[in-house]
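Working notes, beginning with the structure itself.
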Amino acid sequence: MAKILVLYYSMYGHVETMANAVAEGACMAGDVEVTVKRVPEIMSEEAARQAGAKLDQPAPVATVDELPVYDAIIFGTPTRFGNMCAQMRNFLDQTGKHWTSGALAGKVGSVFTSTATQHGGQETTITSFHNTLIHQGFIIVGVPYTCKELLNMDEITGGSPYGAGTLANSDGSRQPSENELIIARFQGRHVAEITKKLT
């Protein structure tokens, strides 16, 4: 049975919601074991509270050591100036021993994101994230246009062939739309189906 990890960081809950949708989609593939975890916070609890961070997320915190256990890892990160957030970067910067040993080579990797605005870096965040995955030897999977929700021109929506995405608004008031959640579920299922073929 393929083991899939949905690993995310979410400051205000938008990426958390997307992560759960990705996990739902992965489960739809059947015969997979799906785990949802988050990377550690690097801000102090006091600083996080002052910033309005959502601290009551039920997903357990992942460790770098457990990553090789999974056949696929689907990463979720909010955008920080067109790149992954510092919490995710800090976590991945601790995976040097996996790079040295090749422990992550041949695993499936995929990325989803959240931005404040329509053009706030959804694609650059994901494609720049791919650099790390390539160095680790991941097989990168995106969201093909067989996901028809990518073609939705009737509403403002996140998501691209690089990965699912949501638009949070600059004040965080916008929650993931149903179209964005469908794309996230599609990504989870698509990654799971490919992972099953490779394991």
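Convention: chains lettered A, B, ... in structure tokens order; per-chain residue numbering from 1; ligands numbered from 1 as shown.
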Practice problem: Enumerate the residues of segment 37-140 of chain A with a DSSP assignment of strand (DSSP E), computed from the backbone, and present them as JSON, numbers by chain. | Solution: {"A": [37, 38, 72, 73, 74, 75, 76, 77, 78, 79, 80, 83, 84, 108, 109, 110, 111, 112, 113, 114, 115, 139, 140]}
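Shell of segment 176-185 of chain A at 7 Å, with only C-alpha atoms counted and residues fewer than 6 places along the chain excluded, is His14, Met18, Ala21, Val22, Glu24, Gly25, Cys147, Glu149, Thr157, Gly158, Gly159, Ala164, Gly165, Thr166 and Leu167 of chain A.
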Selection to disk with all heavy atoms, as an mmCIF file, in the first residue's frame:
```cif
data_model
loop_
_atom_site.group_PDB
_atom_site.id
_atom_site.type_symbol
_atom_site.label_atom_id
_atom_site.label_comp_id
_atom_site.auth_asym_id
_atom_site.auth_seq_id
_atom_site.Cartn_x
_atom_site.Cartn_y
_atom_site.Cartn_z
ATOM 1 N N HIS A 14 -5.629 28.794 5.643
ATOM 2 C CA HIS A 14 -5.986 28.580 4.237
ATOM 3 C C HIS A 14 -5.294 27.341 3.666
ATOM 4 O O HIS A 14 -5.928 26.500 3.022
ATOM 5 C CB HIS A 14 -5.627 29.813 3.399
ATOM 6 C CG HIS A 14 -6.326 31.055 3.849
ATOM 7 N ND1 HIS A 14 -5.872 31.821 4.898
ATOM 8 C CD2 HIS A 14 -7.450 31.664 3.397
ATOM 9 C CE1 HIS A 14 -6.694 32.850 5.078
ATOM 10 N NE2 HIS A 14 -7.657 32.777 4.180
ATOM 11 N N MET A 18 -6.705 23.572 2.375
ATOM 12 C CA MET A 18 -6.288 22.961 1.104
ATOM 13 C C MET A 18 -5.637 21.602 1.345
ATOM 14 O O MET A 18 -5.864 20.646 0.595
ATOM 15 C CB MET A 18 -5.330 23.893 0.369
ATOM 16 C CG MET A 18 -5.955 25.199 -0.095
ATOM 17 S SD MET A 18 -7.122 25.003 -1.461
ATOM 18 C CE MET A 18 -5.965 24.817 -2.821
ATOM 19 N N ALA A 21 -8.154 18.973 1.796
ATOM 20 C CA ALA A 21 -8.786 18.623 0.515
ATOM 21 C C ALA A 21 -7.864 17.748 -0.318
ATOM 22 O O ALA A 21 -8.310 16.773 -0.943
ATOM 23 C CB ALA A 21 -9.161 19.897 -0.253
ATOM 24 N N VAL A 22 -6.581 18.057 -0.338
ATOM 25 C CA VAL A 22 -5.595 17.230 -1.047
ATOM 26 C C VAL A 22 -5.612 15.807 -0.479
ATOM 27 O O VAL A 22 -5.609 14.818 -1.224
ATOM 28 C CB VAL A 22 -4.181 17.849 -0.948
ATOM 29 C CG1 VAL A 22 -3.121 16.866 -1.416
ATOM 30 C CG2 VAL A 22 -4.106 19.140 -1.765
ATOM 31 N N GLU A 24 -8.088 14.330 1.113
ATOM 32 C CA GLU A 24 -9.350 13.704 0.693
ATOM 33 C C GLU A 24 -9.211 13.101 -0.696
ATOM 34 O O GLU A 24 -9.626 11.966 -0.941
ATOM 35 C CB GLU A 24 -10.465 14.754 0.636
ATOM 36 C CG GLU A 24 -11.183 15.052 1.905
ATOM 37 C CD GLU A 24 -12.249 16.129 1.677
ATOM 38 O OE1 GLU A 24 -13.021 16.013 0.689
ATOM 39 O OE2 GLU A 24 -12.278 17.089 2.441
ATOM 40 N N GLY A 25 -8.652 13.889 -1.601
ATOM 41 C CA GLY A 25 -8.476 13.417 -2.970
ATOM 42 C C GLY A 25 -7.572 12.211 -3.049
ATOM 43 O O GLY A 25 -7.847 11.253 -3.787
ATOM 44 N N CYS A 147 -7.972 18.117 -15.430
ATOM 45 C CA CYS A 147 -8.733 18.762 -14.356
ATOM 46 C C CYS A 147 -9.391 19.997 -14.964
ATOM 47 O O CYS A 147 -8.766 21.050 -15.106
ATOM 48 C CB CYS A 147 -7.812 19.148 -13.198
ATOM 49 S SG CYS A 147 -8.650 20.017 -11.861
ATOM 50 N N GLU A 149 -11.451 22.099 -13.963
ATOM 51 C CA GLU A 149 -11.624 23.290 -13.127
ATOM 52 C C GLU A 149 -10.497 24.301 -13.325
ATOM 53 O O GLU A 149 -10.650 25.480 -13.008
ATOM 54 C CB GLU A 149 -11.744 22.891 -11.656
ATOM 55 C CG GLU A 149 -13.067 22.262 -11.274
ATOM 56 C CD GLU A 149 -13.268 20.856 -11.830
ATOM 57 O OE1 GLU A 149 -12.269 20.186 -12.194
ATOM 58 O OE2 GLU A 149 -14.427 20.405 -11.887
ATOM 59 N N THR A 157 -10.179 32.423 -9.370
ATOM 60 C CA THR A 157 -9.789 31.152 -8.765
ATOM 61 C C THR A 157 -8.286 30.951 -8.830
ATOM 62 O O THR A 157 -7.615 31.430 -9.746
ATOM 63 C CB THR A 157 -10.506 29.971 -9.468
ATOM 64 O OG1 THR A 157 -10.193 28.751 -8.783
ATOM 65 C CG2 THR A 157 -10.099 29.845 -10.924
ATOM 66 N N GLY A 158 -7.766 30.282 -7.831
ATOM 67 C CA GLY A 158 -6.374 29.874 -7.849
ATOM 68 C C GLY A 158 -6.231 28.539 -8.549
ATOM 69 O O GLY A 158 -7.210 27.930 -8.978
ATOM 70 N N GLY A 159 -4.986 28.068 -8.654
ATOM 71 C CA GLY A 159 -4.717 26.783 -9.280
ATOM 72 C C GLY A 159 -4.119 26.945 -10.658
ATOM 73 O O GLY A 159 -4.468 27.866 -11.400
ATOM 74 N N ALA A 164 -2.365 23.045 -7.167
ATOM 75 C CA ALA A 164 -3.547 23.731 -6.648
ATOM 76 C C ALA A 164 -3.128 24.993 -5.906
ATOM 77 O O ALA A 164 -2.010 25.099 -5.399
ATOM 78 C CB ALA A 164 -4.322 22.803 -5.712
ATOM 79 N N GLY A 165 -4.046 25.932 -5.845
ATOM 80 C CA GLY A 165 -3.773 27.171 -5.132
ATOM 81 C C GLY A 165 -5.055 27.847 -4.716
ATOM 82 O O GLY A 165 -6.115 27.632 -5.323
ATOM 83 N N THR A 166 -4.969 28.660 -3.684
ATOM 84 C CA THR A 166 -6.114 29.448 -3.254
ATOM 85 C C THR A 166 -5.692 30.898 -3.105
ATOM 86 O O THR A 166 -4.500 31.202 -2.976
ATOM 87 C CB THR A 166 -6.711 28.912 -1.933
ATOM 88 O OG1 THR A 166 -7.937 29.597 -1.661
ATOM 89 C CG2 THR A 166 -5.748 29.085 -0.759
ATOM 90 N N LEU A 167 -6.669 31.786 -3.133
ATOM 91 C CA LEU A 167 -6.433 33.218 -2.990
ATOM 92 C C LEU A 167 -7.039 33.647 -1.661
ATOM 93 O O LEU A 167 -8.253 33.511 -1.449
ATOM 94 C CB LEU A 167 -7.087 33.982 -4.142
ATOM 95 C CG LEU A 167 -6.703 33.490 -5.548
ATOM 96 C CD1 LEU A 167 -7.644 34.080 -6.589
ATOM 97 C CD2 LEU A 167 -5.266 33.846 -5.861
#
```
Quiz prompt | 7 Å contact set for segment 39-54 of chain A, only C-alpha atoms, chain neighbours under 3 positions out, as a list in words | solution =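 Non-adjacent residues within range: Leu7, Tyr8, Tyr9, Met11, Tyr12, Gly13, Gln57, Val61, Ala62, Gln87, Met88 and Phe91 of chain A.
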Those residues with N, CA and C atoms, as a compact mmCIF listing (two decimals), in the first residue's frame please?
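Wrote it out as result09.txt, contents follow:
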```txt
# COMPACT_ATOMS: atom_id res chain seq x y z
N LEU A 7 2.21 17.38 3.60
CA LEU A 7 3.02 18.14 4.56
C LEU A 7 2.88 19.62 4.27
N TYR A 8 2.44 20.39 5.25
CA TYR A 8 2.12 21.78 4.96
C TYR A 8 2.55 22.72 6.08
N TYR A 9 2.55 24.00 5.76
CA TYR A 9 2.59 25.06 6.77
C TYR A 9 1.43 26.00 6.47
N MET A 11 -0.31 29.52 8.20
CA MET A 11 -0.33 30.51 9.28
C MET A 11 -1.76 30.87 9.69
N TYR A 12 -2.63 31.03 8.70
CA TYR A 12 -3.99 31.50 9.00
C TYR A 12 -5.07 30.47 8.70
N GLY A 13 -4.69 29.28 8.22
CA GLY A 13 -5.66 28.21 8.02
C GLY A 13 -6.03 27.93 6.58
N GLN A 57 -4.24 24.00 15.12
CA GLN A 57 -4.34 23.05 14.02
C GLN A 57 -4.11 21.62 14.54
N VAL A 61 2.97 17.62 14.17
CA VAL A 61 4.17 18.20 13.58
C VAL A 61 5.07 17.08 13.06
N ALA A 62 5.54 17.23 11.84
CA ALA A 62 6.40 16.22 11.21
C ALA A 62 7.85 16.39 11.65
N GLN A 87 9.12 28.87 7.24
CA GLN A 87 8.96 27.64 8.04
C GLN A 87 9.22 26.41 7.19
N MET A 88 8.71 26.40 5.97
CA MET A 88 8.94 25.27 5.08
C MET A 88 10.41 25.22 4.65
N PHE A 91 12.54 23.82 7.39
CA PHE A 91 12.36 22.36 7.49
C PHE A 91 13.14 21.64 6.40
```
Quiz item: atom CA of Ala192 of chain A and atom CA of Ile4 of chain A are how many Å apart?
Solution: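 It comes out at 7.3 Å.
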Quiz item: Could you name the residues that touch Ala29 of chain A at 10 Å or less, counting only C-alpha atoms, but leaving out those on the same chain fewer than 6 positions away, as a ChimeraX atom specification?
Solution: /A:188-194,196
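Excluding Thr35 of chain A and any residue on its chain fewer than 5 positions from it, the residues at most 12 Å away by only C-alpha atoms are Ala2, Lys3, Ile4, Leu5, Val6, Leu7, Tyr8, Ala19, Asn20, Val22, Ala23, Glu24, Ala26, Cys27, Ala59, Pro60, Val61, Ala62, Glu66, Leu67, Val69, Tyr70, Asp71, Ala72, Ile73, Ile74, Phe75 and Gly188 of chain A.
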Quiz item: What lies within 9 Å of Thr95 of chain A using only C-alpha atoms, ignoring chain neighbours under 2 positions off, as a PyMOL selection string?
Solution: chain A and resi 64-65+67+91-93+97-100+136
So that I can see what lies close to Val15 of chain A, please list as a tab-separated table (two decimals) with N, CA and C atoms, in the first residue's frame the residues with an atom at most 7 Å from it, counting only C-alpha atoms and leaving out residues fewer than 5 positions away in the same chain.
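To be explicit, this is the file written out as around11.tsv:
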```tsv
chain	number	residue	atom	x	y	z
A	9	TYR	N	2.55	24.00	5.76
A	9	TYR	CA	2.59	25.06	6.77
A	9	TYR	C	1.43	26.00	6.47
A	10	SER	N	0.70	26.39	7.50
A	10	SER	CA	-0.43	27.29	7.32
A	10	SER	C	-0.48	28.25	8.48
A	76	GLY	N	2.50	21.71	0.96
A	76	GLY	CA	1.68	22.90	0.88
A	76	GLY	C	2.33	24.06	1.61
A	77	THR	N	2.45	25.19	0.93
A	77	THR	CA	3.08	26.37	1.54
A	77	THR	C	2.39	27.64	1.09
A	78	PRO	N	2.22	28.59	1.99
A	78	PRO	CA	1.80	29.91	1.54
A	78	PRO	C	2.96	30.59	0.82
A	113	THR	N	-0.33	25.75	-3.02
A	113	THR	CA	0.03	27.01	-2.37
A	113	THR	C	-1.17	27.90	-2.11
A	114	SER	N	-0.90	29.03	-1.48
A	114	SER	CA	-1.89	30.08	-1.23
A	114	SER	C	-1.22	31.43	-1.40
```
Exercise. Write out as a list of chain:residue names all residues of segment 75-122 of chain A that backbone DSSP assigns to helix (DSSP H, G or I).
Key: A:Ala86, A:Gln87, A:Met88, A:Arg89, A:Asn90, A:Phe91, A:Leu92, A:Gly96, A:Lys97, A:His98, A:Trp99, A:Thr100, A:Ser101, A:Gln122
Quiz item: Between A:Thr17, A:Ala103, A:Asp56, A:Ala116, which one has atoms that come closest to Asp171 of chain A, using only C-alpha atoms?
Solution: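 Looking only at the distances to Asp171 of chain A, the closest residue turns out to be A:Ala116.
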